[in-house]
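Data from query18.tsv: TSV, C-alpha atoms and all ligand atoms
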```tsv
chain	number	residue	atom	x	y	z
A	286	MET	CA	-36.49	14.84	-43.73
A	287	ASN	CA	-40.13	14.42	-42.65
A	288	HIS	CA	-42.93	15.82	-44.84
A	289	PRO	CA	-45.11	18.07	-42.73
A	290	ASN	CA	-48.79	18.28	-43.44
A	291	TRP	CA	-49.11	22.06	-43.77
A	292	ASP	CA	-52.92	22.05	-43.62
A	293	THR	CA	-52.80	20.23	-40.29
A	294	TRP	CA	-50.20	22.61	-38.91
A	295	ARG	CA	-52.31	25.57	-40.00
A	296	GLN	CA	-55.14	24.35	-37.76
A	297	GLU	CA	-52.83	24.80	-34.79
A	298	PHE	CA	-53.14	28.60	-35.27
A	299	PRO	CA	-56.79	29.72	-34.90
A	300	GLY	CA	-55.88	33.39	-35.48
A	301	LEU	CA	-55.35	32.55	-39.14
A	302	ASN	CA	-59.13	32.15	-39.52
A	303	LYS	CA	-59.70	35.72	-38.43
A	304	ASN	CA	-57.42	37.59	-40.83
A	305	THR	CA	-55.10	37.08	-43.75
A	306	TYR	CA	-52.04	37.29	-41.54
A	307	LEU	CA	-48.75	37.89	-43.37
A	308	ASN	CA	-46.80	39.56	-40.60
A	309	THR	CA	-44.66	36.96	-38.83
A	310	VAL	CA	-41.73	39.34	-39.43
A	311	SER	CA	-43.26	41.43	-36.62
A	312	LEU	CA	-45.06	38.82	-34.52
A	313	GLY	CA	-45.59	35.11	-35.05
A	314	GLN	CA	-49.06	33.64	-34.64
A	315	LEU	CA	-50.28	32.19	-31.33
A	316	SER	CA	-50.50	28.39	-31.42
A	317	LYS	CA	-53.03	26.33	-29.47
A	318	ARG	CA	-50.02	24.70	-27.86
A	319	SER	CA	-48.65	28.00	-26.50
A	320	ARG	CA	-52.07	28.97	-25.22
A	321	SER	CA	-52.49	25.73	-23.30
A	322	ALA	CA	-48.90	25.93	-22.01
A	323	VAL	CA	-49.63	29.35	-20.52
A	324	ASN	CA	-52.83	27.95	-19.01
A	325	ARG	CA	-50.73	25.20	-17.44
A	326	PHE	CA	-48.48	27.86	-15.93
A	327	LEU	CA	-51.53	29.68	-14.52
A	328	ASP	CA	-52.91	26.45	-13.04
A	329	LEU	CA	-49.59	25.73	-11.32
A	330	TRP	CA	-49.43	29.25	-9.97
A	331	GLU	CA	-52.93	28.88	-8.52
A	332	GLU	CA	-52.53	25.32	-7.20
A	333	ARG	CA	-48.91	25.23	-6.02
A	334	GLY	CA	-47.94	28.80	-5.25
A	335	ALA	CA	-44.19	29.29	-4.71
A	336	SER	CA	-43.45	25.55	-4.70
A	337	ALA	CA	-44.15	25.59	-8.45
A	338	TRP	CA	-40.71	27.18	-8.87
A	339	TYR	CA	-38.81	24.13	-7.71
A	340	SER	CA	-41.11	21.40	-9.00
A	341	TYR	CA	-41.99	22.89	-12.38
A	342	TRP	CA	-40.89	26.35	-13.42
A	343	LEU	CA	-37.10	26.01	-13.16
A	344	LYS	CA	-37.40	22.73	-15.08
A	345	GLU	CA	-39.44	24.46	-17.78
A	346	LEU	CA	-36.71	27.10	-18.07
A	347	ASP	CA	-34.12	24.38	-18.44
A	348	GLY	CA	-36.31	22.67	-21.05
A	349	LEU	CA	-36.44	25.94	-22.97
A	350	ARG	CA	-32.64	26.22	-23.01
A	351	ARG	CA	-32.41	22.61	-24.25
A	352	GLU	CA	-35.00	23.11	-26.97
A	353	PHE	CA	-33.14	26.19	-28.22
A	354	ALA	CA	-29.73	24.50	-28.04
A	355	ARG	CA	-31.10	21.69	-30.21
A	356	LEU	CA	-32.39	24.15	-32.80
A	357	ILE	CA	-29.06	25.91	-33.31
A	358	GLY	CA	-26.65	22.97	-32.90
A	359	ALA	CA	-25.27	24.09	-29.54
A	360	SER	CA	-25.19	22.42	-26.14
A	361	VAL	CA	-27.36	23.51	-23.25
A	362	ASP	CA	-24.47	24.93	-21.22
A	363	GLU	CA	-23.89	27.48	-24.00
A	364	ILE	CA	-27.39	28.99	-23.69
A	365	ALA	CA	-28.75	31.81	-21.54
A	366	ILE	CA	-32.32	33.10	-21.42
A	367	LEU	CA	-32.91	36.85	-21.19
A	368	PRO	CA	-36.00	39.04	-21.54
A	369	ASN	CA	-34.97	40.72	-24.81
A	370	ILE	CA	-32.07	41.16	-27.20
A	371	SER	CA	-31.10	44.53	-25.75
A	372	SER	CA	-30.48	42.89	-22.35
A	373	ALA	CA	-28.56	40.05	-23.97
A	374	LEU	CA	-26.34	42.59	-25.76
A	375	ALA	CA	-25.80	44.45	-22.49
A	376	ALA	CA	-24.77	41.26	-20.69
A	377	VAL	CA	-22.32	40.28	-23.44
A	378	SER	CA	-20.78	43.69	-24.01
A	379	SER	CA	-20.35	44.26	-20.27
A	380	SER	CA	-17.98	41.30	-20.29
A	381	LEU	CA	-15.79	42.58	-23.16
A	382	ASN	CA	-12.71	44.70	-22.76
A	383	PHE	CA	-12.79	47.74	-25.02
A	384	GLU	CA	-9.57	49.26	-23.68
A	385	GLN	CA	-7.15	47.77	-26.20
A	386	ARG	CA	-9.63	47.36	-29.03
A	387	LYS	CA	-12.25	50.08	-29.28
A	388	ARG	CA	-14.02	49.41	-32.56
A	389	VAL	CA	-17.35	47.62	-32.99
A	390	VAL	CA	-18.32	47.04	-36.62
A	391	SER	CA	-22.02	46.94	-37.58
A	392	CYS	CA	-23.99	48.24	-40.54
A	393	GLU	CA	-26.85	50.60	-41.22
A	394	LEU	CA	-29.19	47.73	-42.14
A	395	ASP	CA	-28.78	46.09	-38.75
A	396	PHE	CA	-31.66	46.47	-36.34
A	397	PRO	CA	-30.93	49.74	-34.51
A	398	THR	CA	-30.84	48.15	-31.08
A	399	ILE	CA	-27.36	46.95	-32.09
A	400	THR	CA	-25.98	50.30	-33.18
A	401	HIS	CA	-27.74	52.17	-30.36
A	402	HIS	CA	-26.20	49.83	-27.83
A	403	PHE	CA	-22.65	50.60	-28.95
A	404	LEU	CA	-23.29	54.31	-29.61
A	405	ALA	CA	-24.29	54.53	-25.95
A	406	LYS	CA	-20.77	53.38	-25.05
A	407	LYS	CA	-19.09	56.31	-26.78
A	408	SER	CA	-18.19	57.92	-23.44
A	409	GLN	CA	-16.31	54.69	-22.58
A	410	GLY	CA	-14.25	55.17	-25.74
A	411	VAL	CA	-16.11	52.62	-27.88
A	412	GLU	CA	-16.14	53.48	-31.58
A	413	ALA	CA	-19.36	52.29	-33.24
A	414	HIS	CA	-18.27	51.85	-36.86
A	415	ILE	CA	-21.47	51.64	-38.93
A	416	LEU	CA	-21.09	50.48	-42.53
A	417	ALA	CA	-23.31	52.02	-45.21
A	418	SER	CA	-25.34	49.96	-47.65
A	419	PRO	CA	-25.00	51.06	-51.27
A	420	ASP	CA	-28.46	49.79	-52.27
A	421	GLN	CA	-30.37	49.44	-48.96
A	422	ILE	CA	-30.56	45.70	-49.63
A	423	GLY	CA	-27.22	44.36	-48.46
A	424	VAL	CA	-23.67	45.30	-47.50
A	425	PRO	CA	-20.78	43.91	-49.56
A	426	LEU	CA	-18.51	41.53	-47.67
A	427	GLU	CA	-15.57	43.67	-48.82
A	428	ALA	CA	-16.93	46.54	-46.72
A	429	PHE	CA	-16.74	44.33	-43.64
A	430	GLU	CA	-13.31	43.10	-44.66
A	431	SER	CA	-11.86	46.58	-44.88
A	432	ALA	CA	-13.57	47.88	-41.70
A	433	ILE	CA	-12.43	45.03	-39.44
A	434	ASP	CA	-8.93	45.83	-38.22
A	435	GLU	CA	-6.58	45.21	-35.28
A	436	GLU	CA	-8.55	47.83	-33.32
A	437	THR	CA	-11.78	45.85	-33.68
A	438	ALA	CA	-13.13	44.16	-30.58
A	439	LEU	CA	-16.38	42.91	-32.04
A	440	VAL	CA	-18.34	42.58	-35.25
A	441	ALA	CA	-22.04	42.75	-34.35
A	442	THR	CA	-24.44	42.29	-37.21
A	443	CYS	CA	-27.67	40.59	-38.29
A	444	ARG	CA	-27.93	37.44	-40.39
A	445	VAL	CA	-31.15	38.69	-42.01
A	446	TYR	CA	-31.82	42.38	-42.54
A	447	PHE	CA	-35.26	43.41	-41.30
A	448	THR	CA	-35.83	45.91	-44.13
A	449	SER	CA	-34.69	43.85	-47.12
A	450	GLY	CA	-34.83	40.19	-46.12
A	451	TYR	CA	-31.21	39.80	-47.33
A	452	ILE	CA	-29.31	36.84	-45.81
A	453	GLN	CA	-25.73	37.69	-44.91
A	454	ASP	CA	-22.89	35.19	-45.08
A	455	ILE	CA	-22.22	35.09	-41.34
A	456	GLN	CA	-19.63	32.36	-41.68
A	457	ALA	CA	-17.53	34.60	-43.92
A	458	ILE	CA	-17.98	37.57	-41.57
A	459	SER	CA	-17.08	35.53	-38.54
A	460	GLU	CA	-13.91	34.26	-40.28
A	461	MET	CA	-12.96	37.84	-41.16
A	462	ALA	CA	-13.43	38.90	-37.53
A	463	HIS	CA	-11.33	36.01	-36.22
A	464	ARG	CA	-8.52	36.65	-38.72
A	465	LYS	CA	-8.09	40.07	-37.11
A	466	GLY	CA	-8.45	38.77	-33.55
A	467	ALA	CA	-11.98	40.19	-33.09
A	468	LEU	CA	-15.12	38.40	-31.90
A	469	CYS	CA	-18.34	38.01	-33.86
A	470	LEU	CA	-21.89	38.45	-32.56
A	471	VAL	CA	-24.87	37.68	-34.77
A	472	ASP	CA	-28.36	39.05	-34.17
A	473	ASP	CA	-30.49	36.31	-35.67
A	474	TYR	CA	-33.92	37.58	-34.65
A	475	GLN	CA	-35.10	37.55	-38.28
A	476	GLY	CA	-33.37	34.25	-39.09
A	477	THR	CA	-33.71	31.57	-36.42
A	478	GLY	CA	-36.76	29.44	-37.10
A	479	GLN	CA	-37.33	30.36	-40.72
A	480	LEU	CA	-33.71	29.50	-41.68
A	481	PRO	CA	-31.58	26.61	-40.44
A	482	ILE	CA	-28.55	27.53	-38.38
A	483	ASP	CA	-25.61	25.56	-37.06
A	484	VAL	CA	-23.67	27.89	-34.80
A	485	LYS	CA	-20.63	25.61	-34.81
A	486	ARG	CA	-20.41	25.58	-38.59
A	487	ALA	CA	-21.05	29.34	-38.74
A	488	GLY	CA	-18.22	29.76	-36.21
A	489	VAL	CA	-19.84	32.71	-34.45
A	490	ASP	CA	-18.91	33.59	-30.88
A	491	PHE	CA	-22.31	34.89	-29.80
A	492	LEU	CA	-25.77	34.55	-31.24
A	493	VAL	CA	-28.77	36.46	-29.95
A	494	THR	CA	-32.31	35.95	-31.07
A	495	GLY	CA	-35.81	36.46	-29.75
A	496	GLY	CA	-38.89	34.31	-29.42
A	497	LEU	CA	-41.69	36.41	-30.78
A	498	LYS	CA	-41.33	36.23	-34.57
A	499	TRP	CA	-40.16	33.12	-36.43
A	500	LEU	CA	-39.99	31.11	-33.19
A	501	ILE	CA	-43.73	31.70	-32.60
A	502	GLY	CA	-43.27	32.03	-28.85
A	503	GLY	CA	-44.60	35.50	-28.04
A	504	PRO	CA	-42.76	38.36	-26.32
A	505	GLY	CA	-40.67	38.16	-23.15
A	506	VAL	CA	-37.93	35.68	-24.08
A	507	ALA	CA	-34.64	36.18	-25.89
A	508	TYR	CA	-31.90	33.59	-26.35
A	509	LEU	CA	-28.16	34.05	-26.04
A	510	TYR	CA	-25.62	31.52	-27.30
A	511	VAL	CA	-22.02	31.92	-26.15
A	512	ARG	CA	-19.31	29.68	-27.64
A	513	ARG	CA	-18.20	27.33	-24.87
A	514	GLU	CA	-14.47	28.13	-24.99
A	515	LEU	CA	-15.18	31.82	-24.36
A	516	ILE	CA	-17.41	31.43	-21.32
A	517	PRO	CA	-14.74	31.11	-18.58
A	518	GLU	CA	-12.93	34.19	-19.94
A	519	LEU	CA	-15.97	36.45	-19.87
A	520	GLU	CA	-17.18	37.97	-16.63
A	521	PRO	CA	-20.30	40.08	-17.04
A	522	ARG	CA	-20.43	43.40	-15.21
A	523	VAL	CA	-24.17	43.16	-14.86
A	524	ALA	CA	-24.79	40.42	-12.34
A	525	GLY	CA	-27.80	38.90	-10.65
A	526	TRP	CA	-28.52	35.88	-8.52
A	527	PHE	CA	-29.58	33.68	-11.46
A	528	GLY	CA	-26.00	33.89	-12.76
A	529	HIS	CA	-24.46	32.87	-9.43
A	530	ARG	CA	-22.92	29.42	-9.08
A	531	ARG	CA	-24.53	28.98	-5.64
A	532	GLN	CA	-27.75	30.84	-6.26
A	533	PHE	CA	-29.63	29.35	-3.34
A	534	ASP	CA	-26.87	29.95	-0.76
A	535	PHE	CA	-27.87	33.63	-0.76
A	536	ASP	CA	-24.28	34.64	-0.01
A	537	PRO	CA	-24.05	38.43	-0.27
A	538	TYR	CA	-20.24	38.59	0.05
A	539	THR	CA	-18.99	36.52	-2.83
A	540	LEU	CA	-19.76	36.68	-6.49
A	541	GLU	CA	-19.00	33.36	-8.14
A	542	PHE	CA	-20.24	33.17	-11.68
A	543	ARG	CA	-21.63	29.92	-12.98
A	544	ASP	CA	-19.35	27.95	-15.30
A	545	ASP	CA	-21.89	27.92	-18.11
A	546	ALA	CA	-23.62	30.58	-20.20
A	547	GLN	CA	-26.19	31.10	-17.47
A	548	ARG	CA	-23.62	33.45	-15.92
A	549	PHE	CA	-25.10	36.00	-18.35
A	550	GLU	CA	-28.57	35.65	-16.83
A	551	THR	CA	-29.53	38.11	-14.13
A	552	GLY	CA	-32.88	37.98	-12.32
A	553	THR	CA	-36.25	36.24	-12.20
A	554	PRO	CA	-37.52	35.35	-15.67
A	555	SER	CA	-41.05	35.91	-16.92
A	556	VAL	CA	-42.37	32.37	-16.46
A	557	ALA	CA	-45.57	32.80	-18.49
A	558	ALA	CA	-43.38	33.89	-21.40
A	559	VAL	CA	-41.13	30.86	-20.87
A	560	TYR	CA	-44.11	28.51	-21.17
A	561	ALA	CA	-45.38	30.19	-24.34
A	562	ALA	CA	-41.90	30.28	-25.87
A	563	LYS	CA	-41.12	26.63	-25.17
A	564	ALA	CA	-44.35	25.45	-26.78
A	565	GLY	CA	-43.50	27.54	-29.87
A	566	LEU	CA	-39.95	26.19	-30.05
A	567	GLU	CA	-41.22	22.62	-29.79
A	568	ILE	CA	-43.32	23.19	-32.90
A	569	ILE	CA	-40.35	24.70	-34.74
A	570	ASN	CA	-38.13	21.74	-33.81
A	571	GLU	CA	-40.84	19.23	-34.70
A	572	ILE	CA	-41.30	20.66	-38.18
A	573	GLY	CA	-37.57	21.22	-38.55
A	574	PRO	CA	-35.79	24.30	-39.91
A	575	HIS	CA	-35.03	22.73	-43.32
A	576	ASN	CA	-38.73	22.09	-43.93
A	577	LEU	CA	-39.52	25.58	-42.67
A	578	ARG	CA	-37.02	27.15	-45.05
A	579	GLN	CA	-38.32	25.16	-47.99
A	580	ARG	CA	-41.96	26.02	-47.31
A	581	THR	CA	-41.31	29.70	-46.57
A	582	ALA	CA	-39.13	30.13	-49.66
A	583	TYR	CA	-41.84	28.50	-51.79
A	584	LEU	CA	-44.52	30.88	-50.50
A	585	ASN	CA	-42.27	33.88	-50.65
A	586	GLN	CA	-41.10	33.27	-54.21
A	587	ASP	CA	-44.72	32.95	-55.30
A	588	LEU	CA	-45.49	36.26	-53.59
A	589	VAL	CA	-42.51	37.98	-55.25
A	590	ALA	CA	-43.52	36.70	-58.69
A	591	ARG	CA	-47.09	37.99	-58.24
A	592	LEU	CA	-45.90	41.43	-57.09
A	593	GLN	CA	-43.40	41.65	-59.94
A	594	GLU	CA	-46.16	40.78	-62.39
A	595	LEU	CA	-47.91	43.98	-61.28
A	596	GLY	CA	-44.72	45.93	-61.97
A	597	LEU	CA	-44.25	46.91	-58.30
A	598	THR	CA	-40.89	47.92	-56.88
A	599	LEU	CA	-39.41	45.44	-54.44
A	600	ARG	CA	-36.45	46.00	-52.16
A	601	ILE	CA	-35.12	42.45	-52.00
A	602	PRO	CA	-32.00	40.62	-53.17
A	603	LEU	CA	-32.06	39.40	-56.79
A	604	ASP	CA	-30.89	35.91	-55.83
A	605	PRO	CA	-33.71	33.95	-54.11
A	606	GLN	CA	-31.05	31.95	-52.23
A	607	LYS	CA	-30.09	35.19	-50.49
A	608	GLN	CA	-33.67	36.12	-49.56
A	609	ALA	CA	-35.36	35.13	-46.32
A	610	GLY	CA	-39.16	35.08	-46.02
A	611	ILE	CA	-39.49	38.86	-45.89
A	612	THR	CA	-40.60	40.85	-48.93
A	613	ILE	CA	-40.30	44.63	-48.93
A	614	LEU	CA	-42.59	46.49	-51.27
A	615	GLU	CA	-41.74	50.16	-51.81
A	616	VAL	CA	-44.88	52.33	-51.71
A	617	PRO	CA	-45.38	56.09	-51.39
A	618	GLU	CA	-47.71	55.96	-48.38
A	619	PRO	CA	-46.98	52.83	-46.34
A	620	MET	CA	-49.21	53.94	-43.46
A	621	ARG	CA	-52.26	54.33	-45.73
A	622	VAL	CA	-51.55	51.09	-47.57
A	623	THR	CA	-51.26	49.01	-44.39
A	624	ARG	CA	-54.41	50.64	-43.02
A	625	ASP	CA	-56.36	49.96	-46.23
A	626	LEU	CA	-55.18	46.36	-46.14
A	627	ALA	CA	-56.17	46.06	-42.48
A	628	ASP	CA	-59.64	47.33	-43.41
A	629	ARG	CA	-59.82	44.26	-45.66
A	630	HIS	CA	-58.57	42.04	-42.78
A	631	ILE	CA	-55.14	41.66	-44.35
A	632	ILE	CA	-52.35	42.18	-41.85
A	633	VAL	CA	-48.91	43.28	-43.01
A	634	ASP	CA	-46.48	45.77	-41.51
A	635	LYS	CA	-44.86	49.04	-42.54
A	636	ARG	CA	-41.38	50.44	-42.35
A	637	PRO	CA	-40.15	53.80	-43.75
A	638	GLY	CA	-41.08	53.95	-47.46
A	639	ALA	CA	-42.30	50.38	-47.62
A	640	VAL	CA	-44.64	47.64	-46.49
A	641	ARG	CA	-43.29	44.28	-45.34
A	642	ILE	CA	-45.10	41.11	-46.29
A	643	ALA	CA	-43.94	37.90	-44.72
A	644	PRO	CA	-45.64	34.54	-45.30
A	645	TYR	CA	-44.63	31.72	-42.94
A	646	PHE	CA	-45.22	27.97	-43.04
A	647	TYR	CA	-48.83	28.32	-41.87
A	648	ASN	CA	-49.77	30.66	-44.73
A	649	THR	CA	-51.01	29.60	-48.16
A	650	LEU	CA	-50.74	30.51	-51.84
A	651	GLU	CA	-54.37	31.68	-51.65
A	652	GLU	CA	-53.37	34.24	-49.02
A	653	ASN	CA	-50.66	35.55	-51.37
A	654	GLU	CA	-53.32	35.93	-54.01
A	655	ILE	CA	-55.58	37.82	-51.58
A	656	VAL	CA	-52.93	40.35	-50.55
A	657	VAL	CA	-51.72	40.94	-54.09
A	658	ARG	CA	-55.25	41.44	-55.42
A	659	ALA	CA	-55.93	43.94	-52.63
A	660	LEU	CA	-52.68	45.80	-53.33
A	661	ASP	CA	-53.61	45.97	-56.99
A	662	GLU	CA	-56.83	47.75	-56.02
A	663	ILE	CA	-55.38	49.96	-53.29
A	664	LEU	CA	-52.44	51.16	-55.33
A	665	GLY	CA	-54.75	51.83	-58.30
A	666	LEU	CA	-52.84	49.59	-60.65
A	667	LYS	CA	-55.83	48.40	-62.63
A	668	ARG	CA	-54.92	48.56	-66.29
A	701	LIG	C1	-33.21	41.92	-36.02
A	701	LIG	C2	-33.83	42.40	-34.75
A	701	LIG	N1	-33.07	42.54	-33.66
A	701	LIG	C3	-33.60	42.97	-32.47
A	701	LIG	C4	-34.95	43.27	-32.39
A	701	LIG	C5	-35.55	43.74	-31.09
A	701	LIG	O1	-34.71	43.64	-29.99
A	701	LIG	P1	-35.28	43.63	-28.50
A	701	LIG	O2	-35.52	42.20	-28.13
A	701	LIG	O3	-34.23	44.24	-27.67
A	701	LIG	O4	-36.55	44.42	-28.49
A	701	LIG	C6	-35.77	43.13	-33.50
A	701	LIG	C7	-37.21	43.47	-33.39
A	701	LIG	O5	-37.92	43.66	-34.32
A	701	LIG	C8	-35.19	42.69	-34.71
A	701	LIG	O6	-35.94	42.56	-35.82
```
Using structure tokens, write down the structure from this file.
Ligand SMILES: Cc1ncc(COP(=O)(O)O)c(C=O)c1O
Amino acid sequence: MNHPNWDTWRQEFPGLNKNTYLNTVSLGQLSKRSRSAVNRFLDLWEERGASAWYSYWLKELDGLRREFARLIGASVDEIAILPNISSALAAVSSSLNFEQRKRVVSCELDFPTITHHFLAKKSQGVEAHILASPDQIGVPLEAFESAIDEETALVATCRVYFTSGYIQDIQAISEMAHRKGALCLVDDYQGTGQLPIDVKRAGVDFLVTGGLKWLIGGPGVAYLYVRRELIPELEPRVAGWFGHRRQFDFDPYTLEFRDDAQRFETGTPSVAAVYAAKAGLEIINEIGPHNLRQRTAYLNQDLVARLQELGLTLRIPLDPQKQAGITILEVPEPMRVTRDLADRHIIVDKRPGAVRIAPYFYNTLEENEIVVRALDEILGLKR
């Protein structure tokens, strides 16, 4: 494992000089590398016009798929690029058959785009089975075990919950799904980048994640992994020319899907977003997910200890091994607290009943101290 120089990496993100930014859980910082990649895209657009597609842009898209495949332990033919997770879910679920098996198991701590997606399929007979969380931190594996049955087509859940930072055991969940003949889809938007992942070891069938948080790539790109063995069996019912085997034949009469996961892609991608995302992913791969996990856990545990010292109520798992780099602090008026922090140039985020504080590798212990001191004042905790 290499030993990153965190001070040097921090200089790659000029925005960190403007604010105390502890909000990667909502949006990762802009790197100098992403900014100059987007400038490169703009130069090509200006200088080459449409020929930039063939000489540069399609290659950049391919490079993005490769960079992502490397990060998650997959191969490039198992990766598709889509504009957001909701579109990736739509592409995947359109290829599944819910006639024999109608149930989709998720939980109330999953990001709602998952549950909404399957609730919208109620008229097609899909039963969105949403598990409750007893403590709003996690969902016991036993609850998944008893909900997944022979009627279950898919288990669709997050690895990291966005409102508690809890890390689920996706390998166990995927094994449970497979034992009952169901498939397993993991939304890893809050995991990939800050936590290592090996999709083969985890055994999941699909993984979706987006570029704008822990992959520091900005909005406009989401990634879909589909396990190779499944690809030939799955024909999406949303199709576009980017998923066609002979895209540039422009044949309107035949629909031949590509053999690889790109069959789930549809139309023209947002190329500026691709450039920004690839530069971000390169940084993530260069530092390496094990280093990122170690650094983020170190900063986050320091933050938790400081908040606990003030006697504040945290909604996080007790076991630090189960906590990702997201700390949820329960406060009576999250809107006022985030605003008061922003007035002090401290950027965090709010969710119902709580503020979320999320240091990433480019943050420092001093920034933890700054946010905790400000919270002490704002919440009137001075003893
Ligand atoms: C876990 C998770 N899934 C999905 C999303 C968003 O999905 P989409 O790309 O469709 O906007 C978010 C955004 O915050 C998220 O945290």
**Request:** Could you tell me, counting only C-alpha atoms and all ligand atoms, which protein and nucleic acid residues lie no more than 7 Å from ligand LIG 701 (chain A), written as a PyMOL selection string?
**Result:** chain A and resi 311+369-372+395-396+398+443+446-447+472-475+495+507
**Request:** Determine, counting all atoms listed in the file, which protein, DNA and RNA residues have an atom within 10 Å of an atom of Asp483 in chain A; residues of the same chain fewer than 6 positions away are not included. Present the result as a ChimeraX atom specification.
**Result:** /A:354-359,489
Can I get the selected residues back with C-alpha atoms, as a tab-separated table (two decimals), in the coordinates of the input?
```tsv
chain	number	residue	atom	x	y	z
A	354	ALA	CA	-29.73	24.50	-28.04
A	355	ARG	CA	-31.10	21.69	-30.21
A	356	LEU	CA	-32.39	24.15	-32.80
A	357	ILE	CA	-29.06	25.91	-33.31
A	358	GLY	CA	-26.65	22.97	-32.90
A	359	ALA	CA	-25.27	24.09	-29.54
A	489	VAL	CA	-19.84	32.71	-34.45
```
**Request:** May I ask which of the residues A:Gly503, A:Gly573, A:Pro644, A:Pro289 is the closest one to Ile482 in chain A, counting all atoms listed in the file?
**Result:**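 Of A:Gly503, A:Gly573, A:Pro644, A:Pro289, the one nearest Ile482 in chain A is A:Gly573, counting all atoms listed in the file.
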**Request:** Considering all atoms listed in the file, return as an MDAnalysis selection string whatever protein or nucleic-acid residues lie within 8 Å of Ala365 in chain A, sequence-local ones (same chain, fewer than 3 positions apart) excluded.
**Result:** chainID A and resid 350 508:510 546:550
**Message:** Need to verify the contact set: Glu662 in chain A, 12 Å, only C-alpha atoms, exclusion of same-chain residues closer than 5 positions in sequence. Can you return it as a PyMOL selection string?
**Reply:** chain A and resi 595+622+625-626+629+655-657+667-668
Could you write out the selected residues, including C-alpha atoms, as an mmCIF file, in the coordinates of the input?
```cif
data_model
loop_
_atom_site.group_PDB
_atom_site.id
_atom_site.type_symbol
_atom_site.label_atom_id
_atom_site.label_comp_id
_atom_site.auth_asym_id
_atom_site.auth_seq_id
_atom_site.Cartn_x
_atom_site.Cartn_y
_atom_site.Cartn_z
ATOM 1 C CA LEU A 595 -47.910 43.980 -61.280
ATOM 2 C CA VAL A 622 -51.550 51.090 -47.570
ATOM 3 C CA ASP A 625 -56.360 49.960 -46.230
ATOM 4 C CA LEU A 626 -55.180 46.360 -46.140
ATOM 5 C CA ARG A 629 -59.820 44.260 -45.660
ATOM 6 C CA ILE A 655 -55.580 37.820 -51.580
ATOM 7 C CA VAL A 656 -52.930 40.350 -50.550
ATOM 8 C CA VAL A 657 -51.720 40.940 -54.090
ATOM 9 C CA LYS A 667 -55.830 48.400 -62.630
ATOM 10 C CA ARG A 668 -54.920 48.560 -66.290
#
```
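Residues with any atom within 10 Å of Pro574 in chain A, counting all atoms listed in the file and excluding same-chain neighbours fewer than 5 positions away, are Leu356, Ile357, Thr477, Gly478, Gln479, Leu480, Pro481, Ile482, Ile569, Gln579 and Arg580 of chain A.
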If you take all atoms listed in the file and a cut-off of 7 Å, which residues of range 489-567 of chain A touch range 314-336 of chain A, and what are their nearest atom pairs and distances in Å to one decimal, in chain and number order, as JSON lines?
```
{"residue": "A:Ile501", "atom": "CA", "partner": "A:Gln314", "partner_atom": "CA", "distance": 6.0}
{"residue": "A:Ala557", "atom": "CA", "partner": "A:Val323", "partner_atom": "CA", "distance": 5.7}
{"residue": "A:Tyr560", "atom": "CA", "partner": "A:Ala322", "partner_atom": "CA", "distance": 5.5}
{"residue": "A:Ala561", "atom": "CA", "partner": "A:Ser319", "partner_atom": "CA", "distance": 4.5}
{"residue": "A:Ala564", "atom": "CA", "partner": "A:Ser319", "partner_atom": "CA", "distance": 5.0}
{"residue": "A:Gly565", "atom": "CA", "partner": "A:Ser319", "partner_atom": "CA", "distance": 6.2}
```
Selected residues written out, C-alpha atoms, as an mmCIF file, in the coordinates of the input:
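Dumped to result.cif:
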```
data_model
loop_
_atom_site.group_PDB
_atom_site.id
_atom_site.type_symbol
_atom_site.label_atom_id
_atom_site.label_comp_id
_atom_site.auth_asym_id
_atom_site.auth_seq_id
_atom_site.Cartn_x
_atom_site.Cartn_y
_atom_site.Cartn_z
ATOM 1 C CA ILE A 501 -43.730 31.700 -32.600
ATOM 2 C CA ALA A 557 -45.570 32.800 -18.490
ATOM 3 C CA TYR A 560 -44.110 28.510 -21.170
ATOM 4 C CA ALA A 561 -45.380 30.190 -24.340
ATOM 5 C CA ALA A 564 -44.350 25.450 -26.780
ATOM 6 C CA GLY A 565 -43.500 27.540 -29.870
#
```
**Asked** At a cut-off of 10 Å from (-37.0, 37.6, -15.4) in the coordinates of the file, what residues are picked up using all atoms listed in the file, written as a count of residues only?
**Response** 15
**Prompt:** Quick one, how far is CA of Ser379 in chain A from CA of Thr442 in chain A?
**Reply:** 17.5 Å
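Using only C-alpha atoms, the shortest contact distance between Glu618 in chain A and any of A:Gln606, A:Val640, A:Ile631, A:Val310 is found at A:Val640.
If you count all atoms listed in the file and ignore residues fewer than 3 places along the chain from Arg636 in chain A, what sits within 12 Å of it is Val310, Ser311, Phe447, Thr448, Ser449, Arg600, Thr612, Ile613, Leu614, Glu615, Val616, Pro617, Glu618, Pro619, Met620, Val622, Thr623, Val633, Ala639, Val640, Arg641 and Ile642 of chain A.
Checking A:Leu346, A:Lys498, A:Phe646, A:Ser378 one by one against Asn576 in chain A, counting only C-alpha atoms, you find the shortest gap at A:Phe646.
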**Request:** Select, counting all atoms listed in the file, all protein, DNA and RNA residues no farther than 8 Å from (-33.6, 32.9, -49.8) in file coordinates, and express the selection as a list in words.
**Result:** Tyr451, Ile452, Ala582, Asp604, Pro605, Gln606, Lys607, Gln608, Ala609 and Gly610 of chain A
Output the selection as a CSV table (one decimal), keeping the file's coordinate frame - C-alpha atoms for each residue.
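Result saved to selection-v4.csv:
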```
chain,number,residue,atom,x,y,z
A,451,TYR,CA,-31.2,39.8,-47.3
A,452,ILE,CA,-29.3,36.8,-45.8
A,582,ALA,CA,-39.1,30.1,-49.7
A,604,ASP,CA,-30.9,35.9,-55.8
A,605,PRO,CA,-33.7,34.0,-54.1
A,606,GLN,CA,-31.0,32.0,-52.2
A,607,LYS,CA,-30.1,35.2,-50.5
A,608,GLN,CA,-33.7,36.1,-49.6
A,609,ALA,CA,-35.4,35.1,-46.3
A,610,GLY,CA,-39.2,35.1,-46.0
```
